[in-house]
Amino acid sequence: MFRSIRNRLTRDFALMMIGAWVIFDLLSFGVLSSILRQAQVNAITSTLREQIQEMDEGTLTEGLWWITDHEGKVLNRSPEAAFALGRNWNGLGYVLNPGKPKVIESNTTAGKEIHWLFMGDRLQSGDSYLMVAMDISEGHRAIRVWGIASIVLSVIFTAGFAWMAGRMSNRAMQPITEALDKQRQFTADASHELRTPLAVMQSSIDVLRTENSERLDPFSQEVLEDMQQEVTGMSRLISDLLQLARWDVGISLELSTLDGAELIRHTCRRLAPQAALKQIDMTFELAKDLLLPGDRSKLEQLLTILLDNAIRYTPEGGNISFTGFRSEDMVIFCCKDSGPGIPEALHRKVFERFYRAESSRHRSLSTPSGGSGLGLAIAAEITTAHHGTIEVYSPPEGGALFTVKLPGLAVNP
């Protein structure tokens with residue numbers, strides 16, 4: 001249980017830190033790109049204005065510039081433009097939107113990729129345009145290097161965040177784990193300490209009923225019988241608590257190949273006298289080849305819990321049906337009673353330890369025939385240890401249907 005919680009905490013912590021880093025990385029990348037882009041636009045805008053002013057003054061000689069007509073035909077260009085752009089950019093005569101920068105890629109004769117930022121504007125002296133260009137390849141390379149570095153840092157930080165998340169989740173879970181360990185130890189110690197006095201009380205009651213049965217009046221005999229029922233119930237509760245305390249650490253299974261049909265028959269035979277006291281009709285329908293791997297004693301305990309639970313809540317003269325069948329690679333056991341049923345909202349909660357519900361099915365738990373509230377929790381633990389599932393369903397006609405699904409063994413056709 002704690003392992004899954006710790007894994008979820010680790011995952012959540014890691015995702016939170018990775019998400020924060022990704023947001024920071026994207027924002028910083030966007031901000032730096034925007035700052036660099038704006039600086040480039042400001043630089044070429046300033047250059048264009050200076051070139052236009054020099055053109056109007058008749059002193060324009062240096063720089064990457066050329067003049068086109070309204071159709072984009074090149075009328076004049078600087079030596080630098082002819083050398084830098086040459087024939088490697090076939091859009092030299094393209095008329096740009098006035099005052100709007102444009103980035104165009106080109107390749108030199110050596111195959112080197114160059115990024116140019118162009119901007120143009122109409123000249124006041126006539127129906128022609130002055131175009132200027134600026135090499136922004138260094139800026140593009142800087143952005144590319146930053147992007148690659150961000151990816152590398154993201155991989156490194158992801159590993160670091162995962163490690164930090166694991167440490168944080170362990171530290172967050174440590175107080176809870178220690179508290180639960182103390183609770184488990186207390187439960188186990190208390191259960192051990194209580195078993196001895198309960199055994200003494202049980203023996204004393206048995207001696208009194210055996211040796212003094214003829215001298216006891218009816219009222220005293222009823223008191224002794226009630227005491228014996230209470231001690232029996234307490235002994236069962238202590239045994240269940242001790243068992244769950246041990247299983248919280250881990251359930252050890254002695255696996256062997258079992259016949260599910262034989263397990264059901266054996267369980268029904270053992271509890272048949274208990275059902276007969278309430279005149280309950282027990283039937284079972286079992287398919288062949290219900291082979292499965294499992295711990296015999298624990299699976300017998302599982303089936304006993306289900307059948308005992310059904311007998312306890314089935315009224316006198318009712319009926320209980322036990323079925324076993326295969327569905328693909330799963331062995332399925334179903335136990336249905338004719339009791340009051342369980343509300344749908346409580347279907348999951350009935351498998352919790354000491355759960356009580358205000359319904360006709362659960363109110364009887366306070367009576368001598370009621371259970372400790374741990375039986376179904378133990379059944380769920382056994383099912384989970386066998387990599388199976390257990391669920392309950394209340395049919396419209398009434399009663400409760402418990403279904404256990406366990407992995408089965410392959411059957412030769």
# chains A, B, ... in the order shown; residues from 1 in each chain; ligands from 1
$ closest_atom_pairs --of "range 123-149 of chain A" --to "range 23-38 of chain A" --cutoff "12 Å" --atoms "only C-alpha atoms" --output "JSON lines"
{"residue": "A:Ile136", "atom": "CA", "partner": "A:Arg37", "partner_atom": "CA", "distance": 9.5}
{"residue": "A:Ser137", "atom": "CA", "partner": "A:Leu36", "partner_atom": "CA", "distance": 11.9}
{"residue": "A:Glu138", "atom": "CA", "partner": "A:Leu36", "partner_atom": "CA", "distance": 10.8}
{"residue": "A:Gly139", "atom": "CA", "partner": "A:Leu36", "partner_atom": "CA", "distance": 7.2}
{"residue": "A:His140", "atom": "CA", "partner": "A:Ser33", "partner_atom": "CA", "distance": 9.2}
{"residue": "A:Arg141", "atom": "CA", "partner": "A:Ser33", "partner_atom": "CA", "distance": 11.5}
{"residue": "A:Ala142", "atom": "CA", "partner": "A:Ser33", "partner_atom": "CA", "distance": 9.6}
{"residue": "A:Ile143", "atom": "CA", "partner": "A:Ser33", "partner_atom": "CA", "distance": 6.9}
{"residue": "A:Arg144", "atom": "CA", "partner": "A:Ser33", "partner_atom": "CA", "distance": 10.3}
{"residue": "A:Val145", "atom": "CA", "partner": "A:Phe29", "partner_atom": "CA", "distance": 11.2}
{"residue": "A:Trp146", "atom": "CA", "partner": "A:Phe29", "partner_atom": "CA", "distance": 7.8}
{"residue": "A:Gly147", "atom": "CA", "partner": "A:Phe29", "partner_atom": "CA", "distance": 7.6}
{"residue": "A:Ile148", "atom": "CA", "partner": "A:Phe29", "partner_atom": "CA", "distance": 11.2}
{"residue": "A:Ala149", "atom": "CA", "partner": "A:Asp25", "partner_atom": "CA", "distance": 10.6}
$ closest_atom_pairs --of "range 247-323 of chain A" --to "range 327-343 of chain A" --cutoff "10 Å" --atoms "only C-alpha atoms" --output "JSON lines"
{"residue": "A:Gly260", "atom": "CA", "partner": "A:Val331", "partner_atom": "CA", "distance": 7.9}
{"residue": "A:Ala261", "atom": "CA", "partner": "A:Phe333", "partner_atom": "CA", "distance": 9.4}
{"residue": "A:Ile264", "atom": "CA", "partner": "A:Phe333", "partner_atom": "CA", "distance": 8.7}
{"residue": "A:Ile280", "atom": "CA", "partner": "A:Ser338", "partner_atom": "CA", "distance": 9.7}
{"residue": "A:Met282", "atom": "CA", "partner": "A:Asp337", "partner_atom": "CA", "distance": 9.3}
{"residue": "A:Phe284", "atom": "CA", "partner": "A:Cys335", "partner_atom": "CA", "distance": 9.0}
{"residue": "A:Glu285", "atom": "CA", "partner": "A:Cys334", "partner_atom": "CA", "distance": 9.8}
{"residue": "A:Leu286", "atom": "CA", "partner": "A:Phe333", "partner_atom": "CA", "distance": 9.1}
{"residue": "A:Ala287", "atom": "CA", "partner": "A:Val331", "partner_atom": "CA", "distance": 9.9}
{"residue": "A:Asp289", "atom": "CA", "partner": "A:Val331", "partner_atom": "CA", "distance": 9.3}
{"residue": "A:Leu290", "atom": "CA", "partner": "A:Val331", "partner_atom": "CA", "distance": 6.2}
{"residue": "A:Leu291", "atom": "CA", "partner": "A:Val331", "partner_atom": "CA", "distance": 7.7}
{"residue": "A:Leu292", "atom": "CA", "partner": "A:Val331", "partner_atom": "CA", "distance": 7.1}
{"residue": "A:Leu303", "atom": "CA", "partner": "A:Phe333", "partner_atom": "CA", "distance": 8.7}
{"residue": "A:Leu306", "atom": "CA", "partner": "A:Cys335", "partner_atom": "CA", "distance": 6.8}
{"residue": "A:Leu307", "atom": "CA", "partner": "A:Cys335", "partner_atom": "CA", "distance": 7.0}
{"residue": "A:Asn309", "atom": "CA", "partner": "A:Asp337", "partner_atom": "CA", "distance": 9.1}
{"residue": "A:Ala310", "atom": "CA", "partner": "A:Asp337", "partner_atom": "CA", "distance": 5.4}
{"residue": "A:Ile311", "atom": "CA", "partner": "A:Asp337", "partner_atom": "CA", "distance": 7.6}
{"residue": "A:Arg312", "atom": "CA", "partner": "A:Gly339", "partner_atom": "CA", "distance": 8.8}
{"residue": "A:Tyr313", "atom": "CA", "partner": "A:Gly339", "partner_atom": "CA", "distance": 5.3}
{"residue": "A:Thr314", "atom": "CA", "partner": "A:Gly339", "partner_atom": "CA", "distance": 4.3}
{"residue": "A:Pro315", "atom": "CA", "partner": "A:Gly339", "partner_atom": "CA", "distance": 6.3}
{"residue": "A:Glu316", "atom": "CA", "partner": "A:Gly339", "partner_atom": "CA", "distance": 9.7}
{"residue": "A:Gly317", "atom": "CA", "partner": "A:Ser338", "partner_atom": "CA", "distance": 9.7}
{"residue": "A:Gly318", "atom": "CA", "partner": "A:Ser338", "partner_atom": "CA", "distance": 6.0}
{"residue": "A:Asn319", "atom": "CA", "partner": "A:Ser338", "partner_atom": "CA", "distance": 5.9}
{"residue": "A:Ile320", "atom": "CA", "partner": "A:Asp337", "partner_atom": "CA", "distance": 4.5}
{"residue": "A:Ser321", "atom": "CA", "partner": "A:Lys336", "partner_atom": "CA", "distance": 5.3}
{"residue": "A:Phe322", "atom": "CA", "partner": "A:Cys335", "partner_atom": "CA", "distance": 4.6}
{"residue": "A:Thr323", "atom": "CA", "partner": "A:Cys334", "partner_atom": "CA", "distance": 5.2}
$ write_last_selection --atoms "C-alpha atoms" --output "PDB file, in the first residue's frame"
ATOM      1  CA  GLY A 260     -11.473 -25.035  -7.047  1.00  0.00           C
ATOM      2  CA  ALA A 261     -14.480 -27.384  -7.173  1.00  0.00           C
ATOM      3  CA  ILE A 264     -16.017 -25.322  -2.576  1.00  0.00           C
ATOM      4  CA  ILE A 280     -31.033 -22.766   4.821  1.00  0.00           C
ATOM      5  CA  MET A 282     -27.399 -24.644   0.150  1.00  0.00           C
ATOM      6  CA  PHE A 284     -23.642 -25.389  -5.611  1.00  0.00           C
ATOM      7  CA  GLU A 285     -22.982 -25.660  -9.318  1.00  0.00           C
ATOM      8  CA  LEU A 286     -19.394 -26.340 -10.302  1.00  0.00           C
ATOM      9  CA  ALA A 287     -17.717 -26.598 -13.688  1.00  0.00           C
ATOM     10  CA  ASP A 289     -11.193 -28.067 -14.635  1.00  0.00           C
ATOM     11  CA  LEU A 290     -11.242 -25.316 -12.002  1.00  0.00           C
ATOM     12  CA  LEU A 291      -7.501 -25.665 -11.495  1.00  0.00           C
ATOM     13  CA  LEU A 292      -5.646 -22.707 -10.049  1.00  0.00           C
ATOM     14  CA  LEU A 303     -14.406 -19.311   0.822  1.00  0.00           C
ATOM     15  CA  LEU A 306     -17.918 -15.757   2.065  1.00  0.00           C
ATOM     16  CA  LEU A 307     -20.113 -18.712   2.994  1.00  0.00           C
ATOM     17  CA  ASN A 309     -21.117 -14.276   5.816  1.00  0.00           C
ATOM     18  CA  ALA A 310     -23.939 -15.559   3.583  1.00  0.00           C
ATOM     19  CA  ILE A 311     -25.280 -17.904   6.303  1.00  0.00           C
ATOM     20  CA  ARG A 312     -25.154 -15.126   8.916  1.00  0.00           C
ATOM     21  CA  TYR A 313     -27.294 -12.717   6.882  1.00  0.00           C
ATOM     22  CA  THR A 314     -29.642 -15.185   5.209  1.00  0.00           C
ATOM     23  CA  PRO A 315     -32.959 -15.480   7.084  1.00  0.00           C
ATOM     24  CA  GLU A 316     -34.298 -18.806   8.253  1.00  0.00           C
ATOM     25  CA  GLY A 317     -35.615 -20.897   5.384  1.00  0.00           C
ATOM     26  CA  GLY A 318     -33.571 -18.916   2.857  1.00  0.00           C
ATOM     27  CA  ASN A 319     -31.202 -20.254   0.247  1.00  0.00           C
ATOM     28  CA  ILE A 320     -27.533 -19.877  -0.687  1.00  0.00           C
ATOM     29  CA  SER A 321     -25.969 -20.818  -4.015  1.00  0.00           C
ATOM     30  CA  PHE A 322     -22.251 -21.330  -4.664  1.00  0.00           C
ATOM     31  CA  THR A 323     -21.011 -21.527  -8.262  1.00  0.00           C
TER      32      THR A 323
END
$ select_by_dssp --residues "range 209-386 of chain A" --states "strand (DSSP E)" --output "PDB file with N, CA, C and O atoms, in the first residue's frame"
ATOM      1  N   LEU A 255       2.225 -21.995  -2.340  1.00  0.00           N
ATOM      2  CA  LEU A 255       1.467 -22.257  -3.557  1.00  0.00           C
ATOM      3  C   LEU A 255       1.527 -23.725  -3.950  1.00  0.00           C
ATOM      4  O   LEU A 255       2.558 -24.396  -3.811  1.00  0.00           O
ATOM      5  N   SER A 256       0.394 -24.184  -4.432  1.00  0.00           N
ATOM      6  CA  SER A 256       0.288 -25.532  -4.985  1.00  0.00           C
ATOM      7  C   SER A 256      -0.870 -25.531  -5.970  1.00  0.00           C
ATOM      8  O   SER A 256      -1.657 -24.581  -6.018  1.00  0.00           O
ATOM      9  N   THR A 257      -0.975 -26.575  -6.757  1.00  0.00           N
ATOM     10  CA  THR A 257      -2.072 -26.677  -7.712  1.00  0.00           C
ATOM     11  C   THR A 257      -3.320 -27.182  -6.991  1.00  0.00           C
ATOM     12  O   THR A 257      -3.303 -28.253  -6.374  1.00  0.00           O
ATOM     13  N   LEU A 258      -4.387 -26.407  -7.067  1.00  0.00           N
ATOM     14  CA  LEU A 258      -5.615 -26.713  -6.330  1.00  0.00           C
ATOM     15  C   LEU A 258      -6.783 -26.890  -7.279  1.00  0.00           C
ATOM     16  O   LEU A 258      -6.808 -26.325  -8.372  1.00  0.00           O
ATOM     17  N   ASP A 259      -7.752 -27.683  -6.828  1.00  0.00           N
ATOM     18  CA  ASP A 259      -9.007 -27.873  -7.561  1.00  0.00           C
ATOM     19  C   ASP A 259     -10.063 -27.005  -6.894  1.00  0.00           C
ATOM     20  O   ASP A 259     -10.478 -27.256  -5.756  1.00  0.00           O
ATOM     21  N   ASP A 281     -31.226 -23.679   2.600  1.00  0.00           N
ATOM     22  CA  ASP A 281     -30.967 -24.609   1.509  1.00  0.00           C
ATOM     23  C   ASP A 281     -29.704 -24.158   0.758  1.00  0.00           C
ATOM     24  O   ASP A 281     -29.676 -23.084   0.158  1.00  0.00           O
ATOM     25  N   MET A 282     -28.650 -24.969   0.827  1.00  0.00           N
ATOM     26  CA  MET A 282     -27.399 -24.644   0.150  1.00  0.00           C
ATOM     27  C   MET A 282     -27.261 -25.493  -1.103  1.00  0.00           C
ATOM     28  O   MET A 282     -27.370 -26.714  -1.060  1.00  0.00           O
ATOM     29  N   THR A 283     -26.988 -24.832  -2.223  1.00  0.00           N
ATOM     30  CA  THR A 283     -26.770 -25.532  -3.498  1.00  0.00           C
ATOM     31  C   THR A 283     -25.468 -25.020  -4.108  1.00  0.00           C
ATOM     32  O   THR A 283     -25.062 -23.875  -3.872  1.00  0.00           O
ATOM     33  N   PHE A 284     -24.836 -25.855  -4.894  1.00  0.00           N
ATOM     34  CA  PHE A 284     -23.642 -25.389  -5.611  1.00  0.00           C
ATOM     35  C   PHE A 284     -23.608 -26.021  -6.984  1.00  0.00           C
ATOM     36  O   PHE A 284     -24.046 -27.159  -7.187  1.00  0.00           O
ATOM     37  N   GLU A 285     -23.102 -25.226  -7.921  1.00  0.00           N
ATOM     38  CA  GLU A 285     -22.982 -25.660  -9.318  1.00  0.00           C
ATOM     39  C   GLU A 285     -21.547 -25.397  -9.756  1.00  0.00           C
ATOM     40  O   GLU A 285     -21.096 -24.242  -9.798  1.00  0.00           O
ATOM     41  N   LEU A 286     -20.821 -26.462 -10.064  1.00  0.00           N
ATOM     42  CA  LEU A 286     -19.394 -26.340 -10.302  1.00  0.00           C
ATOM     43  C   LEU A 286     -19.025 -26.900 -11.667  1.00  0.00           C
ATOM     44  O   LEU A 286     -19.476 -27.986 -12.047  1.00  0.00           O
ATOM     45  N   LEU A 291      -8.848 -25.597 -12.064  1.00  0.00           N
ATOM     46  CA  LEU A 291      -7.501 -25.665 -11.495  1.00  0.00           C
ATOM     47  C   LEU A 291      -6.905 -24.269 -11.379  1.00  0.00           C
ATOM     48  O   LEU A 291      -7.023 -23.446 -12.296  1.00  0.00           O
ATOM     49  N   LEU A 292      -6.264 -24.020 -10.263  1.00  0.00           N
ATOM     50  CA  LEU A 292      -5.646 -22.707 -10.049  1.00  0.00           C
ATOM     51  C   LEU A 292      -4.476 -22.855  -9.076  1.00  0.00           C
ATOM     52  O   LEU A 292      -4.472 -23.758  -8.233  1.00  0.00           O
ATOM     53  N   PRO A 293      -3.485 -21.970  -9.178  1.00  0.00           N
ATOM     54  CA  PRO A 293      -2.393 -21.980  -8.204  1.00  0.00           C
ATOM     55  C   PRO A 293      -2.794 -21.167  -6.976  1.00  0.00           C
ATOM     56  O   PRO A 293      -3.361 -20.077  -7.091  1.00  0.00           O
ATOM     57  N   GLY A 294      -2.511 -21.679  -5.788  1.00  0.00           N
ATOM     58  CA  GLY A 294      -2.892 -20.931  -4.599  1.00  0.00           C
ATOM     59  C   GLY A 294      -2.461 -21.616  -3.317  1.00  0.00           C
ATOM     60  O   GLY A 294      -1.994 -22.760  -3.316  1.00  0.00           O
ATOM     61  N   ASP A 295      -2.640 -20.891  -2.239  1.00  0.00           N
ATOM     62  CA  ASP A 295      -2.386 -21.398  -0.895  1.00  0.00           C
ATOM     63  C   ASP A 295      -3.685 -22.012  -0.388  1.00  0.00           C
ATOM     64  O   ASP A 295      -4.683 -21.312  -0.204  1.00  0.00           O
ATOM     65  N   ASN A 319     -32.031 -19.387   1.086  1.00  0.00           N
ATOM     66  CA  ASN A 319     -31.202 -20.254   0.247  1.00  0.00           C
ATOM     67  C   ASN A 319     -29.900 -19.541  -0.108  1.00  0.00           C
ATOM     68  O   ASN A 319     -29.836 -18.309  -0.193  1.00  0.00           O
ATOM     69  N   ILE A 320     -28.867 -20.354  -0.308  1.00  0.00           N
ATOM     70  CA  ILE A 320     -27.533 -19.877  -0.687  1.00  0.00           C
ATOM     71  C   ILE A 320     -27.057 -20.729  -1.849  1.00  0.00           C
ATOM     72  O   ILE A 320     -27.180 -21.955  -1.820  1.00  0.00           O
ATOM     73  N   SER A 321     -26.510 -20.084  -2.866  1.00  0.00           N
ATOM     74  CA  SER A 321     -25.969 -20.818  -4.015  1.00  0.00           C
ATOM     75  C   SER A 321     -24.498 -20.465  -4.183  1.00  0.00           C
ATOM     76  O   SER A 321     -24.102 -19.301  -4.062  1.00  0.00           O
ATOM     77  N   PHE A 322     -23.693 -21.483  -4.460  1.00  0.00           N
ATOM     78  CA  PHE A 322     -22.251 -21.330  -4.664  1.00  0.00           C
ATOM     79  C   PHE A 322     -21.930 -21.888  -6.039  1.00  0.00           C
ATOM     80  O   PHE A 322     -22.242 -23.041  -6.336  1.00  0.00           O
ATOM     81  N   THR A 323     -21.336 -21.080  -6.912  1.00  0.00           N
ATOM     82  CA  THR A 323     -21.011 -21.527  -8.262  1.00  0.00           C
ATOM     83  C   THR A 323     -19.532 -21.288  -8.530  1.00  0.00           C
ATOM     84  O   THR A 323     -18.922 -20.365  -7.990  1.00  0.00           O
ATOM     85  N   GLY A 324     -18.984 -22.137  -9.397  1.00  0.00           N
ATOM     86  CA  GLY A 324     -17.596 -21.988  -9.828  1.00  0.00           C
ATOM     87  C   GLY A 324     -17.500 -22.306 -11.306  1.00  0.00           C
ATOM     88  O   GLY A 324     -18.036 -23.313 -11.771  1.00  0.00           O
ATOM     89  N   PHE A 325     -16.829 -21.436 -12.046  1.00  0.00           N
ATOM     90  CA  PHE A 325     -16.694 -21.656 -13.487  1.00  0.00           C
ATOM     91  C   PHE A 325     -15.445 -20.938 -13.978  1.00  0.00           C
ATOM     92  O   PHE A 325     -14.813 -20.166 -13.248  1.00  0.00           O
ATOM     93  N   ARG A 326     -15.097 -21.191 -15.234  1.00  0.00           N
ATOM     94  CA  ARG A 326     -13.938 -20.555 -15.860  1.00  0.00           C
ATOM     95  C   ARG A 326     -14.398 -19.524 -16.868  1.00  0.00           C
ATOM     96  O   ARG A 326     -15.419 -19.687 -17.541  1.00  0.00           O
ATOM     97  N   SER A 327     -13.623 -18.470 -16.982  1.00  0.00           N
ATOM     98  CA  SER A 327     -13.828 -17.462 -18.016  1.00  0.00           C
ATOM     99  C   SER A 327     -12.456 -17.108 -18.571  1.00  0.00           C
ATOM    100  O   SER A 327     -11.682 -16.387 -17.935  1.00  0.00           O
ATOM    101  N   MET A 330      -9.330 -17.190 -16.198  1.00  0.00           N
ATOM    102  CA  MET A 330      -9.686 -16.876 -14.819  1.00  0.00           C
ATOM    103  C   MET A 330     -10.638 -17.929 -14.260  1.00  0.00           C
ATOM    104  O   MET A 330     -11.510 -18.449 -14.976  1.00  0.00           O
ATOM    105  N   VAL A 331     -10.445 -18.249 -12.969  1.00  0.00           N
ATOM    106  CA  VAL A 331     -11.375 -19.105 -12.232  1.00  0.00           C
ATOM    107  C   VAL A 331     -12.244 -18.183 -11.375  1.00  0.00           C
ATOM    108  O   VAL A 331     -11.720 -17.353 -10.623  1.00  0.00           O
ATOM    109  N   ILE A 332     -13.551 -18.329 -11.492  1.00  0.00           N
ATOM    110  CA  ILE A 332     -14.485 -17.402 -10.850  1.00  0.00           C
ATOM    111  C   ILE A 332     -15.363 -18.165  -9.866  1.00  0.00           C
ATOM    112  O   ILE A 332     -15.966 -19.183 -10.217  1.00  0.00           O
ATOM    113  N   PHE A 333     -15.422 -17.671  -8.620  1.00  0.00           N
ATOM    114  CA  PHE A 333     -16.298 -18.206  -7.582  1.00  0.00           C
ATOM    115  C   PHE A 333     -17.375 -17.161  -7.282  1.00  0.00           C
ATOM    116  O   PHE A 333     -17.067 -15.981  -7.107  1.00  0.00           O
ATOM    117  N   CYS A 334     -18.618 -17.606  -7.196  1.00  0.00           N
ATOM    118  CA  CYS A 334     -19.737 -16.717  -6.880  1.00  0.00           C
ATOM    119  C   CYS A 334     -20.533 -17.301  -5.719  1.00  0.00           C
ATOM    120  O   CYS A 334     -20.910 -18.481  -5.754  1.00  0.00           O
ATOM    121  N   CYS A 335     -20.783 -16.467  -4.720  1.00  0.00           N
ATOM    122  CA  CYS A 335     -21.581 -16.868  -3.563  1.00  0.00           C
ATOM    123  C   CYS A 335     -22.751 -15.905  -3.439  1.00  0.00           C
ATOM    124  O   CYS A 335     -22.547 -14.704  -3.213  1.00  0.00           O
ATOM    125  N   LYS A 336     -23.974 -16.419  -3.600  1.00  0.00           N
ATOM    126  CA  LYS A 336     -25.167 -15.581  -3.571  1.00  0.00           C
ATOM    127  C   LYS A 336     -26.075 -16.024  -2.433  1.00  0.00           C
ATOM    128  O   LYS A 336     -26.327 -17.218  -2.248  1.00  0.00           O
ATOM    129  N   ASP A 337     -26.554 -15.048  -1.648  1.00  0.00           N
ATOM    130  CA  ASP A 337     -27.475 -15.348  -0.558  1.00  0.00           C
ATOM    131  C   ASP A 337     -28.800 -14.661  -0.800  1.00  0.00           C
ATOM    132  O   ASP A 337     -28.961 -13.886  -1.752  1.00  0.00           O
TER     133      ASP A 337
END
$ closest_residue --among "A:Cys268, A:Ile18, A:Ile151, A:Leu277" --to "Ala165 in chain A" --atoms "only C-alpha atoms"
A:Ile18
$ closest_residue --among "A:Arg3, A:Lys405, A:Lys112, A:Arg195" --to "Leu241 in chain A" --atoms "only C-alpha atoms"
A:Arg195
$ closest_residue --among "A:Ser150, A:Leu64, A:Phe118, A:Lys182" --to "Trp21 in chain A" --atoms "only C-alpha atoms"
A:Ser150
$ atom_distance --atom1 "CA of Ala162 in chain A" --atom2 "CA of Thr10 in chain A"
7.2 Å
$ residues_around --residues "Gln228 in chain A" --least-positions-apart "6" --cutoff "9 Å" --atoms "only C-alpha atoms" --output "number ranges by chain"
A: 201-202, 205-206
$ write_last_selection --atoms "N, CA and C atoms" --output "PDB file, in the first residue's frame"
ATOM      1  N   MET A 201     -10.270 -17.829  30.269  1.00  0.00           N
ATOM      2  CA  MET A 201     -11.696 -17.621  30.481  1.00  0.00           C
ATOM      3  C   MET A 201     -12.514 -18.696  29.774  1.00  0.00           C
ATOM      4  N   GLN A 202     -12.107 -19.040  28.561  1.00  0.00           N
ATOM      5  CA  GLN A 202     -12.822 -20.071  27.816  1.00  0.00           C
ATOM      6  C   GLN A 202     -12.747 -21.416  28.542  1.00  0.00           C
ATOM      7  N   ILE A 205     -14.961 -21.346  31.724  1.00  0.00           N
ATOM      8  CA  ILE A 205     -16.390 -21.473  31.408  1.00  0.00           C
ATOM      9  C   ILE A 205     -16.723 -22.917  31.051  1.00  0.00           C
ATOM     10  N   ASP A 206     -15.846 -23.551  30.277  1.00  0.00           N
ATOM     11  CA  ASP A 206     -16.085 -24.951  29.912  1.00  0.00           C
ATOM     12  C   ASP A 206     -16.115 -25.837  31.162  1.00  0.00           C
TER      13      ASP A 206
END
$ closest_residue --among "A:Val22, A:Ala14, A:Val132, A:Leu346" --to "Thr68 in chain A" --atoms "only C-alpha atoms"
A:Val132
$ closest_residue --among "A:Gln124, A:Ser169, A:Gln53, A:Thr158" --to "Arg8 in chain A" --atoms "only C-alpha atoms"
A:Ser169
$ atom_distance --atom1 "CA of Phe351 in chain A" --atom2 "CA of Ala380 in chain A"
6.4 Å
$ select_by_dssp --residues "range 162-409 of chain A" --states "alpha helix (DSSP H)" --output "PyMOL selection string"
chain A and resi 162-211+218-249+260-276+296-313+375-385
$ atom_distance --atom1 "CA of Thr267 in chain A" --atom2 "CA of Leu406 in chain A"
17.4 Å
